[in-house]
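J.: Coordinates in upload_1.tsv, TSV, C-alpha atoms and all ligand atoms, are listed below.
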chain	number	residue	atom	x	y	z
L	1	MET	CA	136.93	86.75	214.71
L	2	LEU	CA	139.54	84.94	212.65
L	3	ALA	CA	139.71	87.50	209.83
L	4	ASP	CA	140.49	90.31	212.29
L	5	PHE	CA	143.14	88.13	213.89
L	6	TYR	CA	144.81	87.83	210.47
L	7	VAL	CA	144.59	91.57	209.87
L	8	GLU	CA	146.57	92.21	213.05
L	9	ARG	CA	148.99	89.36	212.47
L	10	LEU	CA	149.85	90.50	208.94
L	11	VAL	CA	150.46	94.18	209.65
L	12	GLY	CA	153.85	95.10	208.15
L	13	VAL	CA	154.66	91.53	207.11
L	14	LEU	CA	155.02	92.26	203.39
L	15	GLU	CA	157.25	95.23	204.17
L	16	ARG	CA	159.56	92.88	206.12
L	17	MET	CA	159.70	90.26	203.33
L	18	PRO	CA	161.83	91.45	200.41
L	19	ILE	CA	161.74	88.05	198.69
L	20	GLU	CA	157.94	88.01	198.61
L	21	ARG	CA	157.91	91.57	197.30
L	22	ALA	CA	160.48	90.67	194.64
L	23	VAL	CA	158.33	87.79	193.34
L	24	LEU	CA	155.25	89.99	193.29
L	25	ASP	CA	157.24	92.74	191.55
L	26	LEU	CA	158.34	90.27	188.89
L	27	PHE	CA	154.74	89.17	188.39
L	28	CYS	CA	153.68	92.82	187.98
L	29	GLU	CA	156.45	93.54	185.49
L	30	LEU	CA	155.78	90.41	183.43
L	31	THR	CA	152.05	91.10	183.44
L	32	LEU	CA	152.42	94.67	182.24
L	33	ALA	CA	155.05	93.69	179.66
L	34	ALA	CA	152.67	91.12	178.16
L	35	GLY	CA	150.50	93.94	176.89
L	36	LEU	CA	147.22	92.34	177.93
L	37	GLY	CA	146.12	95.11	180.28
L	38	GLY	CA	146.38	95.25	184.04
L	39	GLU	CA	143.19	93.48	185.15
L	40	VAL	CA	144.27	90.83	187.64
L	41	ALA	CA	142.63	88.88	190.46
L	42	ASP	CA	144.04	87.99	193.84
L	43	VAL	CA	142.23	84.72	194.52
L	44	GLY	CA	142.26	83.73	198.16
L	45	CYS	CA	143.02	87.36	198.92
L	46	GLY	CA	142.34	86.98	202.64
L	47	THR	CA	142.56	90.39	204.29
L	48	GLY	CA	143.23	92.00	200.91
L	49	ARG	CA	146.70	93.12	201.97
L	50	LEU	CA	148.20	92.53	198.51
L	51	LEU	CA	145.62	94.64	196.64
L	52	PRO	CA	147.19	98.06	197.32
L	53	TYR	CA	150.64	96.63	196.69
L	54	LEU	CA	149.66	95.33	193.24
L	55	ALA	CA	147.81	98.55	192.44
L	56	GLY	CA	150.90	100.54	193.42
L	57	ARG	CA	152.81	98.69	190.72
L	58	GLY	CA	150.46	99.53	187.91
L	59	LEU	CA	147.94	96.70	188.03
L	60	SER	CA	144.16	96.88	188.51
L	61	PRO	CA	143.54	94.11	191.02
L	62	ARG	CA	140.31	92.69	192.34
L	63	GLY	CA	140.04	90.22	195.18
L	64	ALA	CA	138.16	87.00	195.84
L	65	ASP	CA	138.05	84.74	198.85
L	66	LEU	CA	136.02	81.77	200.00
L	67	SER	CA	135.59	83.15	203.51
L	68	PRO	CA	132.79	85.71	204.03
L	69	GLY	CA	134.69	86.99	207.07
L	70	MET	CA	137.80	87.64	205.01
L	71	VAL	CA	135.74	89.34	202.31
L	72	ARG	CA	134.18	91.52	205.00
L	73	VAL	CA	137.48	92.73	206.49
L	74	ALA	CA	139.13	93.06	203.06
L	75	THR	CA	136.24	95.22	201.85
L	76	ARG	CA	136.30	97.25	205.06
L	77	ASP	CA	140.06	97.85	204.95
L	78	HIS	CA	140.41	98.28	201.18
L	79	PRO	CA	137.20	100.01	200.07
L	80	GLY	CA	138.58	101.05	196.69
L	81	PHE	CA	138.71	97.49	195.40
L	82	THR	CA	136.13	94.98	194.20
L	83	ILE	CA	136.29	91.95	196.48
L	84	GLU	CA	133.95	89.02	196.01
L	85	GLN	CA	133.19	85.83	197.83
L	86	ALA	CA	134.22	83.06	195.48
L	87	ASP	CA	135.72	79.61	195.39
L	88	LEU	CA	138.89	78.76	193.51
L	89	ARG	CA	136.95	75.85	192.02
L	90	SER	CA	134.34	78.13	190.44
L	91	LEU	CA	135.69	81.58	189.69
L	92	PRO	CA	133.30	84.44	188.87
L	93	TYR	CA	135.29	85.65	185.86
L	94	PRO	CA	134.65	85.10	182.14
L	95	ASP	CA	136.94	82.93	180.05
L	96	ALA	CA	140.30	84.55	179.19
L	97	SER	CA	139.30	87.79	180.90
L	98	LEU	CA	142.29	88.46	183.17
L	99	ALA	CA	145.86	89.50	182.46
L	100	GLY	CA	146.91	87.60	185.54
L	101	VAL	CA	146.03	85.89	188.79
L	102	VAL	CA	147.79	85.83	192.14
L	103	CYS	CA	147.25	82.90	194.53
L	104	TRP	CA	149.29	83.78	197.59
L	105	TYR	CA	149.17	80.87	200.03
L	106	SER	CA	145.62	80.01	198.97
L	107	LEU	CA	146.21	76.91	196.82
L	108	ILE	CA	147.59	75.20	199.92
L	109	PHE	CA	144.04	74.84	201.25
L	110	LEU	CA	142.87	72.67	198.37
L	111	PRO	CA	142.37	68.99	199.14
L	112	PRO	CA	143.65	66.68	196.39
L	113	GLU	CA	140.22	66.09	194.87
L	114	ALA	CA	139.64	69.86	194.48
L	115	ARG	CA	142.91	70.63	192.72
L	116	PRO	CA	142.02	69.68	189.11
L	117	ALA	CA	138.94	71.93	189.14
L	118	ALA	CA	140.77	74.83	190.80
L	119	PHE	CA	143.79	74.77	188.50
L	120	GLY	CA	141.44	74.32	185.54
L	121	GLU	CA	139.62	77.48	186.58
L	122	LEU	CA	142.88	79.40	186.74
L	123	GLY	CA	143.69	78.27	183.22
L	124	ARG	CA	140.22	79.21	182.03
L	125	VAL	CA	140.20	82.81	183.30
L	126	VAL	CA	143.75	83.90	182.40
L	127	LYS	CA	144.28	85.24	178.89
L	128	PRO	CA	146.79	83.39	176.70
L	129	GLY	CA	150.07	85.17	177.41
L	130	GLY	CA	148.87	86.20	180.87
L	131	HIS	CA	150.56	85.22	184.11
L	132	LEU	CA	149.88	83.46	187.37
L	133	ALA	CA	151.92	83.94	190.54
L	134	CYS	CA	151.63	81.68	193.54
L	135	ALA	CA	153.24	81.26	196.92
L	136	PHE	CA	152.95	78.02	198.80
L	137	LYS	CA	154.43	75.83	201.51
L	138	ASP	CA	156.91	73.63	199.71
L	139	GLY	CA	156.64	70.09	201.03
L	140	ASP	CA	155.55	66.59	200.16
L	141	GLY	CA	151.77	67.00	200.09
L	142	THR	CA	151.40	66.35	203.82
L	143	LEU	CA	148.14	67.47	205.39
L	144	ARG	CA	148.76	69.90	208.28
L	145	ARG	CA	146.27	70.74	210.99
L	146	ASP	CA	148.55	71.99	213.73
L	147	GLY	CA	149.61	75.43	212.55
L	148	ALA	CA	150.09	78.56	214.62
L	149	ALA	CA	146.50	79.68	214.05
L	150	THR	CA	145.22	76.35	215.29
L	151	LYS	CA	147.22	76.69	218.49
L	152	LEU	CA	146.15	80.26	219.06
L	153	LEU	CA	142.50	79.91	218.12
L	154	GLY	CA	141.65	76.29	218.60
L	155	VAL	CA	140.51	76.14	214.97
L	156	ASN	CA	141.45	73.35	212.59
L	157	PHE	CA	142.72	74.33	209.16
L	158	ASP	CA	143.33	71.66	206.57
L	159	ARG	CA	146.40	72.82	204.73
L	160	TYR	CA	148.72	70.96	202.45
L	161	TRP	CA	152.40	71.42	201.89
L	162	LEU	CA	152.39	70.97	198.13
L	163	SER	CA	155.64	70.16	196.41
L	164	ALA	CA	156.90	72.52	193.73
L	165	ALA	CA	156.87	69.53	191.36
L	166	GLU	CA	153.15	68.93	191.94
L	167	MET	CA	152.41	72.63	191.56
L	168	GLU	CA	154.23	72.74	188.22
L	169	GLU	CA	152.54	69.56	187.00
L	170	ARG	CA	149.11	70.90	187.84
L	171	LEU	CA	149.88	74.27	186.26
L	172	ALA	CA	151.14	72.54	183.12
L	173	ALA	CA	147.94	70.48	182.94
L	174	ALA	CA	145.98	73.74	183.15
L	175	GLY	CA	147.90	75.27	180.24
L	176	PHE	CA	150.64	77.18	182.05
L	177	ALA	CA	154.38	77.12	181.40
L	178	THR	CA	156.75	77.98	184.24
L	179	VAL	CA	158.72	81.18	183.78
L	180	PHE	CA	160.10	81.50	187.31
L	181	ARG	CA	160.53	79.06	190.17
L	182	GLY	CA	161.96	80.05	193.49
L	183	GLY	CA	162.06	79.16	197.12
L	184	ARG	CA	163.60	80.03	200.42
L	185	PRO	CA	164.28	78.28	203.72
L	186	PRO	CA	161.88	78.90	206.58
L	187	GLU	CA	162.35	82.17	208.40
L	188	GLU	CA	161.54	82.95	212.01
L	189	GLY	CA	158.13	81.58	212.93
L	190	GLU	CA	157.95	79.32	209.86
L	191	ILE	CA	158.59	75.58	209.92
L	192	VAL	CA	158.66	74.73	206.22
L	193	PRO	CA	160.34	76.17	203.10
L	194	GLN	CA	158.27	78.58	201.03
L	195	GLY	CA	157.89	78.05	197.29
L	196	TYR	CA	157.12	80.60	194.58
L	197	LEU	CA	156.12	80.04	190.97
L	198	ILE	CA	155.24	82.37	188.14
L	199	ALA	CA	153.78	80.77	185.04
L	200	ARG	CA	152.53	82.03	181.69
L	201	ARG	CA	149.28	80.83	180.12
L	202	VAL	CA	150.22	79.39	176.78
L	203	ALA	CA	148.05	79.92	173.73
L	204	ALA	CA	145.14	77.49	173.50
N	301	LIG	C1	146.76	81.82	204.28
N	301	LIG	S1	145.44	82.86	203.70
N	301	LIG	C2	146.34	83.92	202.62
N	301	LIG	C3	145.59	85.17	202.32
N	301	LIG	C4	146.31	86.17	201.40
N	301	LIG	N1	146.54	85.60	200.09
N	301	LIG	C5	147.59	86.66	202.02
N	301	LIG	O1	148.66	86.33	201.51
N	301	LIG	O2	147.52	87.35	203.03
N	301	LIG	C6	144.58	81.79	202.56
N	301	LIG	C7	143.26	82.34	202.07
N	301	LIG	O3	142.75	81.47	201.07
N	301	LIG	C8	141.34	81.41	201.23
N	301	LIG	N2	140.85	80.17	200.61
N	301	LIG	C9	141.00	78.91	201.05
N	301	LIG	N3	140.39	78.06	200.21
N	301	LIG	C10	139.86	78.79	199.21
N	301	LIG	C11	139.10	78.49	198.04
N	301	LIG	N4	138.77	77.23	197.73
N	301	LIG	N5	138.71	79.50	197.24
N	301	LIG	C12	139.02	80.78	197.53
N	301	LIG	N6	139.74	81.14	198.63
N	301	LIG	C13	140.16	80.15	199.46
N	301	LIG	C14	141.13	81.44	202.74
N	301	LIG	O4	139.81	81.85	203.07
N	301	LIG	C15	142.19	82.46	203.15
N	301	LIG	O5	141.71	83.76	203.20
Here is the file; what I need is its structure written in the form of structure tokens.
Ligand SMILES: C[S@@+](CC[C@H](N)C(=O)[O-])C[C@H]1O[C@@H](n2cnc3c(N)ncnc32)[C@H](O)[C@@H]1O

T.:
Amino acid sequence: MLADFYVERLVGVLERMPIERAVLDLFCELTLAAGLGGEVADVGCGTGRLLPYLAGRGLSPRGADLSPGMVRVATRDHPGFTIEQADLRSLPYPDASLAGVVCWYSLIFLPPEARPAAFGELGRVVKPGGHLACAFKDGDGTLRRDGAATKLLGVNFDRYWLSAAEMEERLAAAGFATVFRGGRPPEEGEIVPQGYLIARRVAA
């Protein structure tokens, strides 16, 4: 099953990616420094691999993912965390209830028509002064269906290489101000630059 394939594929990946860890570390530090508590959500958490990492840096993360299979393996592999099936477009959290949200390569699955609702939800659930961290494939909005998983599994994934400019525009429209923007060239096995943004929810 696809979720188990991802579990195996992602073993040790974060440990080998100091840039990704550095961005997540910055998110953790900014979140704790904001003084809004440590309740954060990893939305599109997939296998849940980031949950122990965030918890190890002082946060109290919960996970959410659209895929029941991902929720199943994340719950199996990380039993100490609350992990729910949920859609970015309709998050199961009260207004202004979270000190932060992580969207690590999950926003790239949103088709254009779904983006306003999803970014709006992120703005709704994050407390003013709270933070959002996201990783994405930095491109021109092109739809991709021919990724490594497609080749290996024969499954089509609609993914979009969203430009950093579009990400920032959509975050701004949802009430976020950029506090960090970064990127790196593709590394081995990647074919597109990776983008990283951290943004702060401004007061309503
Ligand atoms: C590339 S995986 C990344 C998983 C995890 N963030 C990580 O870094 O390992 C993207 C995840 O986003 C989830 N996803 C896609 N669309 C979603 C949506 N609309 N709402 C919530 N999760 C979604 C997928 O099910 C998948 O688990």

J.: Grab me every residue within 9 Å of ligand LIG 301 (chain N), counting all atoms listed in the file, and send it over as a count of residues only.

T.: 42

J.: Please measure the separation of atom CA of L:Glu20 and atom CA of L:Ile198, giving the value in Å to one decimal.

T.: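 Atom CA of L:Glu20 sits 12.2 Å away from atom CA of L:Ile198.
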
J.: Give me, please, the distance in Å between atom CA of L:Glu166 and atom CA of L:Ala22, quoted to one decimal.

T.: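 Result for atom CA of L:Glu166 versus atom CA of L:Ala22: 23.1 Å, one decimal.
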
J.: Given the point (159.2, 90.9, 190.3) in the file's coordinates, find the residues that have an atom at most 12 Å from it, counting all atoms listed in the file, and give them as a ChimeraX atom specification.

T.: /L:18-33,54,57,133,179-182,196-198

J.: To one decimal place, how far is atom CA of L:Ala165 from atom CA of L:Lys137 in Å?

T.: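 Separating atom CA of L:Ala165 from atom CA of L:Lys137 is a distance of 12.2 Å.
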
J.: Taking only C-alpha atoms into account, which of L:Asp158, L:Glu8, L:Glu39, L:Glu190 comes nearest L:Pro111?

T.: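 Counting only C-alpha atoms, the residue closest to L:Pro111 is L:Asp158.
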
J.: Go ahead and find all residues with at least one atom no further than 12 Å from (138.8, 73.6, 185.7) in the file's coordinates, using all atoms listed in the file; report them as a list in words.

T.: Asp87, Leu88, Arg89, Ser90, Leu91, Asp95, Glu113, Ala114, Arg115, Pro116, Ala117, Ala118, Phe119, Gly120, Glu121, Leu122, Gly123, Arg124, Val125, Val126, Arg170, Leu171, Ala173, Ala174 and Gly175 of chain L
